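Coordinates from query_14.txt are shown below (compact mmCIF, C-alpha atoms).
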# COMPACT_ATOMS: atom_id res chain seq x y z
CA MET L 1 16.82 6.60 15.54
CA ASP L 2 13.17 5.79 16.31
CA TRP L 3 11.31 7.03 13.24
CA ASP L 4 8.02 6.07 14.86
CA ASP L 5 8.19 9.22 17.01
CA PHE L 6 8.26 11.32 13.85
CA LYS L 7 5.03 9.64 12.74
CA PHE L 8 3.30 11.17 15.77
CA PHE L 9 4.95 14.54 15.18
CA SER L 10 3.90 14.53 11.53
CA ALA L 11 0.33 13.55 12.45
CA VAL L 12 0.00 16.52 14.82
CA VAL L 13 1.39 18.89 12.18
CA ARG L 14 -1.10 17.59 9.59
CA SER L 15 -4.12 17.40 11.89
CA GLY L 16 -3.57 20.59 13.86
CA THR L 17 -4.35 19.19 17.32
CA VAL L 18 -3.33 16.28 19.53
CA ARG L 19 -6.90 15.00 19.64
CA ALA L 20 -7.28 15.02 15.85
CA ALA L 21 -3.88 13.35 15.43
CA ALA L 22 -4.83 10.65 17.93
CA LYS L 23 -8.04 9.97 16.03
CA ALA L 24 -6.14 9.70 12.73
CA LEU L 25 -3.61 7.30 14.27
CA GLY L 26 -6.18 5.28 16.23
CA VAL L 27 -4.54 5.91 19.62
CA HIS L 28 -5.37 7.79 22.83
CA PRO L 29 -4.44 11.51 22.93
CA SER L 30 -2.18 10.87 25.92
CA THR L 31 -0.12 8.52 23.74
CA VAL L 32 0.43 11.28 21.19
CA THR L 33 1.43 13.75 23.92
CA ARG L 34 3.83 11.25 25.47
CA ARG L 35 5.50 10.47 22.14
CA LEU L 36 5.92 14.17 21.35
CA GLU L 37 7.52 14.79 24.73
CA HIS L 38 9.79 11.78 24.21
CA LEU L 39 10.88 13.10 20.80
CA GLU L 40 11.64 16.57 22.18
CA THR L 41 13.58 15.12 25.10
CA ARG L 42 15.57 12.76 22.89
CA LEU L 43 16.48 15.51 20.43
CA GLY L 44 16.99 18.19 23.06
CA VAL L 45 14.85 20.72 21.18
CA LYS L 46 11.43 22.26 21.56
CA LEU L 47 9.21 21.46 18.58
CA PHE L 48 5.99 23.06 19.85
CA ASN L 49 4.98 25.94 22.06
CA ARG L 50 2.08 24.99 24.32
CA ARG L 51 -0.55 27.72 24.25
CA GLY L 52 -4.14 28.04 25.29
CA GLN L 53 -5.43 27.32 21.79
CA GLY L 54 -3.21 24.27 21.38
CA LEU L 55 0.21 23.50 19.94
CA VAL L 56 2.10 26.00 17.79
CA LEU L 57 5.24 24.98 15.91
CA THR L 58 8.49 26.63 16.96
CA ALA L 59 11.02 27.73 14.33
CA VAL L 60 12.83 24.42 14.83
CA GLY L 61 9.52 22.58 14.56
CA GLU L 62 8.73 24.37 11.28
CA SER L 63 12.08 23.25 9.87
CA ALA L 64 11.49 19.69 11.03
CA ALA L 65 8.00 19.64 9.50
CA ALA L 66 9.35 20.91 6.17
CA GLY L 67 12.05 18.25 6.22
CA LEU L 68 9.53 15.51 6.92
CA ARG L 69 7.34 16.68 4.05
CA ARG L 70 10.31 16.38 1.71
CA ILE L 71 11.05 12.89 3.03
CA GLU L 72 7.40 11.85 2.56
CA GLN L 73 7.48 13.14 -1.02
CA ASP L 74 10.72 11.25 -1.70
CA ILE L 75 9.23 8.06 -0.27
CA ALA L 76 6.12 8.56 -2.40
CA GLY L 77 8.37 8.91 -5.44
CA ILE L 78 10.20 5.68 -4.56
CA GLU L 79 6.87 3.88 -4.18
CA LEU L 80 5.84 5.11 -7.62
CA LEU L 81 9.00 3.70 -9.17
CA LEU L 82 8.67 0.38 -7.34
CA ARG L 83 5.06 -0.06 -8.35
CA ARG L 84 5.84 0.79 -11.94
CA SER L 85 8.47 -1.93 -11.98
CA GLU L 86 5.77 -4.50 -11.21
CA GLY L 87 4.30 -4.15 -14.66
CA GLU L 88 2.92 -1.76 -17.21
CA LEU L 89 0.01 0.46 -16.30
CA ALA L 90 -1.90 2.07 -19.10
CA GLY L 91 -5.24 3.69 -19.71
CA PRO L 92 -7.37 6.56 -18.46
CA VAL L 93 -7.98 7.69 -14.89
CA ARG L 94 -11.00 9.98 -14.55
CA VAL L 95 -10.32 12.52 -11.81
CA VAL L 96 -12.58 15.03 -10.08
CA VAL L 97 -10.80 17.71 -8.03
CA PRO L 98 -12.34 21.06 -6.98
CA GLY L 99 -10.86 23.89 -9.01
CA PHE L 100 -9.54 25.82 -6.02
CA LEU L 101 -7.32 22.88 -5.06
CA MET L 102 -5.79 23.01 -8.51
CA LEU L 103 -5.33 26.79 -8.26
CA GLY L 104 -3.77 26.35 -4.82
CA GLY L 105 -1.02 24.10 -6.15
CA LEU L 106 -2.18 20.77 -4.76
CA VAL L 107 -0.85 18.93 -7.81
CA ASP L 108 2.17 21.12 -8.53
CA ASP L 109 4.44 18.06 -8.51
CA LEU L 110 2.23 15.98 -10.80
CA ASP L 111 5.08 15.75 -13.29
CA ARG L 112 6.71 13.15 -11.02
CA LEU L 113 3.76 10.81 -11.45
CA VAL L 114 3.44 11.54 -15.16
CA ASN L 115 7.13 10.82 -15.72
CA ALA L 116 6.91 7.58 -13.73
CA TYR L 117 3.70 6.41 -15.42
CA GLY L 118 3.75 7.75 -18.95
CA GLU L 119 1.08 5.27 -20.04
CA ILE L 120 -1.56 6.62 -17.66
CA GLN L 121 -3.91 9.17 -19.23
CA ILE L 122 -5.36 11.57 -16.65
CA GLU L 123 -8.78 12.88 -17.59
CA TRP L 124 -9.62 15.95 -15.50
CA MET L 125 -13.38 16.18 -15.28
CA SER L 126 -15.57 19.20 -14.61
CA SER L 127 -16.06 19.66 -10.89
CA PHE L 128 -19.19 18.03 -9.54
CA SER L 129 -20.23 16.31 -6.34
CA PRO L 130 -19.77 12.54 -6.70
CA SER L 131 -21.95 12.06 -3.63
CA ALA L 132 -24.78 14.09 -5.15
CA SER L 133 -24.31 12.72 -8.67
CA PRO L 134 -23.87 8.95 -8.23
CA ALA L 135 -24.52 8.25 -11.90
CA ALA L 136 -21.73 10.52 -13.12
CA PRO L 137 -18.70 8.48 -14.25
CA PHE L 138 -15.43 9.00 -12.38
CA ASP L 139 -12.61 6.92 -10.91
CA VAL L 140 -11.21 9.03 -8.07
CA ALA L 141 -12.32 12.31 -6.54
CA LEU L 142 -11.60 14.79 -3.79
CA GLU L 143 -14.80 16.17 -2.29
CA LEU L 144 -15.70 18.55 0.52
CA THR L 145 -18.51 16.73 2.26
CA ALA L 146 -19.71 15.71 5.69
CA ALA L 147 -21.75 12.82 4.30
CA PRO L 148 -20.30 11.02 1.27
CA ALA L 149 -22.53 8.65 -0.65
CA LEU L 150 -22.68 5.23 1.00
CA ASP L 151 -22.01 3.37 -2.25
CA LEU L 152 -18.64 5.07 -2.78
CA ILE L 153 -15.31 3.84 -1.41
CA GLY L 154 -13.39 6.45 0.53
CA ARG L 155 -12.21 8.02 3.72
CA GLU L 156 -11.71 11.44 5.24
CA ILE L 157 -8.11 12.49 4.62
CA GLY L 158 -8.04 16.08 5.84
CA ALA L 159 -9.92 19.34 6.16
CA VAL L 160 -10.13 22.54 4.14
CA GLY L 161 -10.24 25.82 6.03
CA TRP L 162 -12.14 28.90 4.86
CA SER L 163 -11.84 32.45 6.13
CA LEU L 164 -12.71 36.02 5.11
CA TYR L 165 -10.32 37.99 2.91
CA GLY L 166 -9.94 41.43 1.39
CA HIS L 167 -7.29 43.60 -0.18
CA ARG L 168 -4.56 44.61 2.27
CA GLY L 169 -5.14 48.31 1.62
CA LEU L 170 -8.87 47.97 2.15
CA LEU L 171 -8.46 46.28 5.52
CA VAL L 172 -5.86 48.75 6.83
CA ASP L 173 -8.62 51.34 7.24
CA SER L 174 -10.64 49.50 9.86
CA GLY L 175 -13.15 52.35 9.98
CA SER L 176 -14.23 51.90 6.40
CA ALA L 177 -17.55 50.24 5.71
CA LEU L 178 -16.91 46.79 4.27
CA LYS L 179 -18.99 45.41 1.43
CA TRP L 180 -19.63 41.79 0.51
CA ILE L 181 -18.83 40.08 -2.78
CA GLU L 182 -21.15 37.15 -3.39
CA ALA L 183 -19.50 34.39 -5.41
CA ASP L 184 -21.60 31.71 -7.07
CA GLY L 185 -20.47 28.55 -8.80
CA LEU L 186 -17.43 27.78 -6.66
CA ALA L 187 -18.27 24.09 -7.17
CA CYS L 188 -17.27 23.25 -3.61
CA GLY L 189 -20.50 21.65 -2.44
CA LYS L 190 -23.04 22.17 0.31
CA THR L 191 -20.58 21.61 3.17
CA ALA L 192 -18.32 24.45 2.03
CA ALA L 193 -21.36 26.67 1.41
CA LEU L 194 -22.44 26.17 5.02
CA ALA L 195 -18.94 27.07 6.22
CA ILE L 196 -19.07 30.30 4.20
CA ASP L 197 -22.52 31.12 5.61
CA ARG L 198 -21.23 30.67 9.16
CA LEU L 199 -18.30 33.00 8.50
CA LYS L 200 -20.50 35.68 7.00
CA SER L 201 -23.17 35.52 9.71
CA SER L 202 -20.54 35.60 12.48
CA HIS L 203 -18.47 38.52 11.19
CA LEU L 204 -20.32 40.35 8.42
CA ASP L 205 -24.01 39.92 9.20
CA GLY L 206 -25.93 42.72 7.52
CA THR L 207 -23.01 43.79 5.34
CA PRO L 208 -24.36 45.11 2.02
CA MET L 209 -23.52 43.21 -1.16
CA VAL L 210 -21.50 45.21 -3.67
CA ALA L 211 -21.07 42.59 -6.39
CA ARG L 212 -22.04 39.08 -7.45
CA CYS L 213 -19.74 36.97 -9.58
CA GLN L 214 -19.09 33.46 -10.83
CA GLY L 215 -16.26 31.40 -9.39
CA PHE L 216 -12.69 32.19 -8.43
CA THR L 217 -11.77 33.49 -11.88
CA HIS L 218 -13.95 36.55 -11.24
CA LEU L 219 -13.78 36.68 -7.45
CA LEU L 220 -10.01 36.98 -7.04
CA PRO L 221 -9.58 40.04 -9.33
CA LEU L 222 -12.45 41.79 -7.52
CA LEU L 223 -10.85 41.14 -4.14
CA ARG L 224 -7.44 42.32 -5.36
CA ALA L 225 -9.04 45.49 -6.69
CA GLY L 226 -10.40 46.29 -3.23
CA VAL L 227 -14.04 46.09 -4.32
CA GLY L 228 -15.06 44.26 -1.15
CA VAL L 229 -14.49 41.19 1.00
CA SER L 230 -15.49 37.57 0.58
CA ALA L 231 -14.76 34.04 1.74
CA LEU L 232 -11.88 32.04 0.29
CA PRO L 233 -10.20 28.74 1.02
CA CYS L 234 -7.15 29.54 3.18
CA LEU L 235 -5.04 27.64 0.65
CA ILE L 236 -5.83 30.42 -1.84
CA GLY L 237 -6.21 33.47 0.40
CA ASP L 238 -3.12 32.99 2.57
CA ALA L 239 -0.89 32.50 -0.48
CA ASP L 240 -2.04 35.68 -2.23
CA GLY L 241 0.31 38.55 -1.43
CA GLU L 242 -2.34 41.20 -2.16
CA LEU L 243 -4.92 39.77 0.22
CA LYS L 244 -5.13 39.29 3.97
CA ARG L 245 -7.60 37.81 6.40
CA LEU L 246 -10.24 40.06 7.87
CA PRO L 247 -9.03 40.95 11.41
CA GLY L 248 -10.73 38.73 13.95
CA ALA L 249 -12.11 36.35 11.35
CA GLY L 250 -11.87 32.73 12.36
CA VAL L 251 -11.48 29.64 10.22
CA GLU L 252 -14.36 27.35 9.32
CA ARG L 253 -13.30 23.90 8.17
CA ALA L 254 -14.98 21.39 5.88
CA PRO L 255 -14.03 17.68 5.80
CA LEU L 256 -12.07 16.59 2.73
CA TRP L 257 -12.82 13.08 1.48
CA LEU L 258 -10.94 10.97 -1.02
CA LEU L 259 -13.50 8.90 -2.92
CA ARG L 260 -13.37 6.27 -5.62
CA ALA L 261 -15.99 4.48 -7.63
CA PRO L 262 -16.66 0.85 -6.57
CA GLU L 263 -15.98 -0.42 -10.09
CA SER L 264 -12.42 0.96 -9.89
CA ARG L 265 -11.54 -1.34 -6.99
CA GLY L 266 -8.45 -3.35 -7.87
CA THR L 267 -7.51 -1.15 -10.82
CA ARG L 268 -3.82 -0.47 -10.31
CA ARG L 269 -3.61 2.75 -12.30
CA VAL L 270 -6.43 4.20 -10.19
CA GLN L 271 -4.68 3.09 -6.99
CA VAL L 272 -1.53 4.85 -8.18
CA PHE L 273 -3.47 8.11 -8.47
CA VAL L 274 -5.22 7.55 -5.13
CA ASP L 275 -1.80 7.21 -3.48
CA TYR L 276 -0.58 10.35 -5.23
CA LEU L 277 -3.55 12.44 -4.04
CA GLN L 278 -3.16 11.17 -0.47
CA ALA L 279 0.50 12.21 -0.47
CA ALA L 280 -0.35 15.59 -2.00
CA VAL L 281 -2.95 16.33 0.69
CA ARG L 282 -0.55 15.23 3.46
CA ALA L 283 2.17 17.53 2.13
CA LYS L 284 -0.13 20.57 2.22
CA ALA L 285 -2.25 19.63 5.23
CA VAL L 286 -1.41 22.73 7.30
CA ARG L 287 -2.05 25.13 4.42
CA LEU L 288 -5.28 23.33 3.57
CA ARG L 289 -6.52 23.62 7.15
CA GLY L 290 -5.61 27.28 7.35
CA GLY L 291 -3.21 26.86 10.26

So that I can check it, write out the structure of this file as structure tokens.
Amino acid sequence: MDWDDFKFFSAVVRSGTVRAAAKALGVHPSTVTRRLEHLETRLGVKLFNRRGQGLVLTAVGESAAAGLRRIEQDIAGIELLLRRSEGELAGPVRVVVPGFLMLGGLVDDLDRLVNAYGEIQIEWMSSFSPSASPAAPFDVALELTAAPALDLIGREIGAVGWSLYGHRGLLVDSGSALKWIEADGLACGKTAALAIDRLKSSHLDGTPMVARCQGFTHLLPLLRAGVGVSALPCLIGDADGELKRLPGAGVERAPLWLLRAPESRGTRRVQVFVDYLQAAVRAKAVRLRGG
């Protein structure tokens, strides 16, 4: 079996489009298309439906994608064990991750890393922008940004989608006048704020504000109570059974960067956590993007 074909399939699933997958793999889009067609022909199944807006996974494709995610997680677990066997790793790793990624279950399998590396002490730091606060101490961070600080080591590893959400009951009555909930202090940075502004101006321009709150801790209960509508990361909104997307609302995406401080270069315990975060983002790439 040629596992290389599955690499192209997995890249398309994570990236959302052939063009984005080709960019991530460093190949021409036609190469990605050809490898997908070769995989479907070899297996005798249809993994994607070709539609005007791009590729949409079939039921078989969804099952294959889920299976590949499990395999990637298993491989990541094996790598953890192998690296641990090379020697003891001990000490703190200072981590900055936006709160909504934690709420959305990005690190829900962190116990695997903790069990493999019991000597590593993970210090979760208050969310801040490493690019905007270069003097703040950290080892590894996930940040929504279009322009990371030049003195940081990192790369773009995905995208986070945002859309508009409200309570299901509120949105059933399409004739009702919607009201906006303004949420401050989401600690997601300027790039995410611009994405939210684009969503609001495109779909809810002129909508009166009914409430202002601080962060997701206050915003989510207000949305579930049907007080109004607001913007959420799709990772949070799509997983909440009481909420649904505003009909016709699109998805605005912000680049997600994995960054590390230059002084952490060569520190094995930091590299272990970098690898873990990369695997975690890959496993939830579709949910992070919002489809």

Where does segment 161-258 of chain L meet segment 87-103 of chain L within 12 Å, residue by residue, with the nearest atom pair and distance in Å to one decimal for each, counting all atoms listed in the file, listed by chain and rising number, as a Markdown table?
| residue | atom | partner | partner_atom | distance |
| --- | --- | --- | --- | --- |
| L:Gly161 | CA | L:Leu101 | CA | 11.8 |
| L:Trp162 | CA | L:Phe100 | CA | 11.6 |
| L:Gly185 | CA | L:Gly99 | CA | 10.7 |
| L:Leu186 | CA | L:Gly99 | CA | 8.0 |
| L:Ala187 | CA | L:Pro98 | CA | 6.7 |
| L:Cys188 | CA | L:Pro98 | CA | 6.4 |
| L:Gly189 | CA | L:Pro98 | CA | 9.4 |
| L:Ala192 | CA | L:Pro98 | CA | 11.3 |
| L:Gly215 | CA | L:Gly99 | CA | 9.3 |
| L:Phe216 | CA | L:Phe100 | CA | 7.5 |
| L:Thr217 | CA | L:Phe100 | CA | 9.9 |
| L:Leu219 | CA | L:Phe100 | CA | 11.7 |
| L:Leu220 | CA | L:Phe100 | CA | 11.2 |
| L:Leu232 | CA | L:Phe100 | CA | 9.2 |
| L:Pro233 | CA | L:Phe100 | CA | 7.7 |
| L:Cys234 | CA | L:Phe100 | CA | 10.2 |
| L:Leu235 | CA | L:Leu101 | CA | 7.8 |
| L:Ile236 | CA | L:Phe100 | CA | 7.2 |
| L:Gly237 | CA | L:Phe100 | CA | 10.5 |
| L:Ala239 | CA | L:Leu103 | CA | 10.6 |
| L:Asp240 | CA | L:Leu103 | CA | 11.2 |
| L:Leu256 | CA | L:Pro98 | CA | 10.7 |
| L:Trp257 | CA | L:Val97 | CA | 10.8 |
| L:Leu258 | CA | L:Val97 | CA | 9.7 |

Do you know which residues are at most 9 Å from Val12 of chain L counting all atoms listed in the file, after dropping those on the same chain fewer than 4 positions away, and could you put them as a compact mmCIF listing (two decimals) with C-alpha atoms, keeping the file's coordinate frame?
# COMPACT_ATOMS: atom_id res chain seq x y z
CA LYS L 7 5.03 9.64 12.74
CA PHE L 8 3.30 11.17 15.77
CA GLY L 16 -3.57 20.59 13.86
CA THR L 17 -4.35 19.19 17.32
CA VAL L 18 -3.33 16.28 19.53
CA ARG L 19 -6.90 15.00 19.64
CA ALA L 20 -7.28 15.02 15.85
CA ALA L 21 -3.88 13.35 15.43
CA ALA L 22 -4.83 10.65 17.93
CA VAL L 32 0.43 11.28 21.19
CA LEU L 55 0.21 23.50 19.94

| d(atom CA of Arg14 of chain L, atom CA of Ala149 of chain L) in Å | 25.4 Å

| So, counting only C-alpha atoms, which residue among L:Gly54, L:Gly77, L:Gly291, L:Pro137 is closest to Asn115 of chain L? |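 Nearest candidate to Asn115 of chain L out of L:Gly54, L:Gly77, L:Gly291, L:Pro137: L:Gly77.
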
Compile a residue-level contact table for segment 137-215 of chain L against segment 267-284 of chain L at a cut-off of 9 Å, reporting for every qualifying residue the shortest atom pair and its distance in Å to one decimal, with only C-alpha atoms counted, rows ordered by chain and ascending number, as JSON lines.
{"residue": "L:Asp139", "atom": "CA", "partner": "L:Val270", "partner_atom": "CA", "distance": 6.8}
{"residue": "L:Val140", "atom": "CA", "partner": "L:Val274", "partner_atom": "CA", "distance": 6.8}
{"residue": "L:Ala141", "atom": "CA", "partner": "L:Val274", "partner_atom": "CA", "distance": 8.7}
{"residue": "L:Leu142", "atom": "CA", "partner": "L:Leu277", "partner_atom": "CA", "distance": 8.4}
{"residue": "L:Ile157", "atom": "CA", "partner": "L:Gln278", "partner_atom": "CA", "distance": 7.2}
{"residue": "L:Gly158", "atom": "CA", "partner": "L:Val281", "partner_atom": "CA", "distance": 7.2}

Would you save the residues from that selection as a JSON list (two decimals), in the frame of the given file, using C-alpha atoms?
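For reference, result.json as written:
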[["chain", "number", "residue", "atom", "x", "y", "z"],
["L", 139, "ASP", "CA", -12.61, 6.92, -10.91],
["L", 140, "VAL", "CA", -11.21, 9.03, -8.07],
["L", 141, "ALA", "CA", -12.32, 12.31, -6.54],
["L", 142, "LEU", "CA", -11.60, 14.79, -3.79],
["L", 157, "ILE", "CA", -8.11, 12.49, 4.62],
["L", 158, "GLY", "CA", -8.04, 16.08, 5.84]]

| Selected residue, from L:Gly67, L:Gly290, L:Gly44, L:Gly26, that lies nearest to Val251 of chain L when counting only C-alpha atoms | L:Gly290

| query | Quick one, how far is atom CA of Glu72 of chain L from atom CA of Arg35 of chain L? | reply |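 Distance between the two atoms: 19.7 Å.
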
| request: Using only C-alpha atoms, give me every residue within 12 Å of (-11.5, 47.1, -7.3) in file coordinates, as JSON, numbers by chain. | output: {"L": [166, 167, 169, 170, 179, 181, 210, 211, 218, 219, 220, 221, 222, 223, 224, 225, 226, 227, 228, 229]}

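For the pair atom CA of Gln73 of chain L and atom CA of His28 of chain L, the interatomic distance is 27.6 Å.
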
| Shortest interatomic distance to Ile78 of chain L - which of L:Leu204, L:Ala183, L:Leu113, L:Leu199, counting all atoms listed in the file |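 Counting all atoms listed in the file, the residue closest to Ile78 of chain L is L:Leu113.
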
| request: For Ala249 of chain L, please output as an MDAnalysis selection string all residues within 8 Å (counting all atoms listed in the file; exclusion window: fewer than 5 positions along the same chain). | output: chainID L and resid 163:164 199 203

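Taking only C-alpha atoms into account, Arg253 of chain L lies nearest to L:Leu194 out of the set L:Leu194, L:Gly206, L:Val13, L:Gly266.
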
| message | Just checking: using all atoms listed in the file, which residue out of L:Arg198, L:Asp5, L:Gly61, L:Ser10 ends up closest to Arg34 of chain L? | response | L:Asp5

| message | Please list as a list of chain:residue names every residue within 12 Å of Ser63 of chain L, counting only C-alpha atoms and excluding residues in the same chain fewer than 6 positions away. | response | L:Val13, L:Val45, L:Lys46, L:Leu47, L:Phe48, L:Leu57, L:Arg69, L:Arg70

| message | Let me make sure I understand: among L:Ala195, L:Val286, L:Ala254, L:Val27, which one has the smallest atom-to-atom distance to Ala65 of chain L if we use all atoms listed in the file? | response |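 For Ala65 of chain L, the nearest of the given residues is L:Val286.
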
Please complete segment 148-176 of chain L so it has N, CA and C atoms, and hand it over as a short mmCIF file (atom, residue, chain, number, x, y, z; two decimals), keeping the file's coordinate frame.
data_model
loop_
_atom_site.label_atom_id
_atom_site.label_comp_id
_atom_site.auth_asym_id
_atom_site.auth_seq_id
_atom_site.Cartn_x
_atom_site.Cartn_y
_atom_site.Cartn_z
N PRO L 148 -20.49 11.59 2.61
CA PRO L 148 -20.30 11.02 1.27
C PRO L 148 -21.32 9.92 0.99
N ALA L 149 -21.58 9.69 -0.27
CA ALA L 149 -22.53 8.65 -0.65
C ALA L 149 -22.06 7.29 -0.14
N LEU L 150 -23.01 6.51 0.37
CA LEU L 150 -22.68 5.23 1.00
C LEU L 150 -22.13 4.21 0.01
N ASP L 151 -22.46 4.37 -1.28
CA ASP L 151 -22.01 3.37 -2.25
C ASP L 151 -20.63 3.67 -2.81
N LEU L 152 -19.99 4.74 -2.33
CA LEU L 152 -18.64 5.07 -2.78
C LEU L 152 -17.61 4.57 -1.78
N ILE L 153 -16.42 4.27 -2.27
CA ILE L 153 -15.31 3.84 -1.41
C ILE L 153 -14.49 5.07 -1.06
N GLY L 154 -14.20 5.28 0.20
CA GLY L 154 -13.39 6.45 0.53
C GLY L 154 -13.20 6.62 2.01
N ARG L 155 -12.45 7.67 2.33
CA ARG L 155 -12.21 8.02 3.72
C ARG L 155 -11.86 9.50 3.81
N GLU L 156 -12.07 10.04 4.99
CA GLU L 156 -11.71 11.44 5.24
C GLU L 156 -10.20 11.54 5.39
N ILE L 157 -9.57 12.40 4.60
CA ILE L 157 -8.11 12.49 4.62
C ILE L 157 -7.60 13.85 5.06
N GLY L 158 -8.49 14.76 5.41
CA GLY L 158 -8.04 16.08 5.84
C GLY L 158 -9.21 17.02 5.99
N ALA L 159 -8.89 18.30 6.05
CA ALA L 159 -9.92 19.34 6.16
C ALA L 159 -9.45 20.57 5.40
N VAL L 160 -10.42 21.31 4.87
CA VAL L 160 -10.13 22.54 4.14
C VAL L 160 -10.70 23.71 4.93
N GLY L 161 -9.82 24.65 5.28
CA GLY L 161 -10.24 25.82 6.03
C GLY L 161 -10.64 26.97 5.12
N TRP L 162 -11.66 27.70 5.56
CA TRP L 162 -12.14 28.90 4.86
C TRP L 162 -12.09 30.07 5.83
N SER L 163 -11.79 31.25 5.31
CA SER L 163 -11.84 32.45 6.13
C SER L 163 -12.26 33.63 5.24
N LEU L 164 -12.29 34.82 5.83
CA LEU L 164 -12.71 36.02 5.11
C LEU L 164 -11.49 36.83 4.69
N TYR L 165 -11.49 37.30 3.46
CA TYR L 165 -10.32 37.99 2.91
C TYR L 165 -10.72 39.27 2.18
N GLY L 166 -9.79 40.21 2.17
CA GLY L 166 -9.94 41.43 1.39
C GLY L 166 -8.58 41.95 1.01
N HIS L 167 -8.56 43.00 0.21
CA HIS L 167 -7.29 43.60 -0.18
C HIS L 167 -6.62 44.22 1.05
N ARG L 168 -5.29 44.11 1.11
CA ARG L 168 -4.56 44.61 2.27
C ARG L 168 -4.84 46.09 2.52
N GLY L 169 -4.87 46.89 1.46
CA GLY L 169 -5.14 48.31 1.62
C GLY L 169 -6.53 48.58 2.14
N LEU L 170 -7.49 47.79 1.71
CA LEU L 170 -8.87 47.97 2.15
C LEU L 170 -9.01 47.70 3.63
N LEU L 171 -8.30 46.68 4.13
CA LEU L 171 -8.46 46.28 5.52
C LEU L 171 -7.60 47.09 6.48
N VAL L 172 -6.67 47.89 5.95
CA VAL L 172 -5.86 48.75 6.83
C VAL L 172 -6.76 49.79 7.49
N ASP L 173 -7.69 50.34 6.71
CA ASP L 173 -8.62 51.34 7.24
C ASP L 173 -9.78 50.62 7.89
N SER L 174 -9.62 50.29 9.17
CA SER L 174 -10.64 49.50 9.86
C SER L 174 -11.95 50.25 10.03
N GLY L 175 -11.92 51.58 9.83
CA GLY L 175 -13.15 52.35 9.98
C GLY L 175 -14.00 52.37 8.74
N SER L 176 -13.46 51.88 7.64
CA SER L 176 -14.23 51.90 6.40
C SER L 176 -15.33 50.85 6.43
#
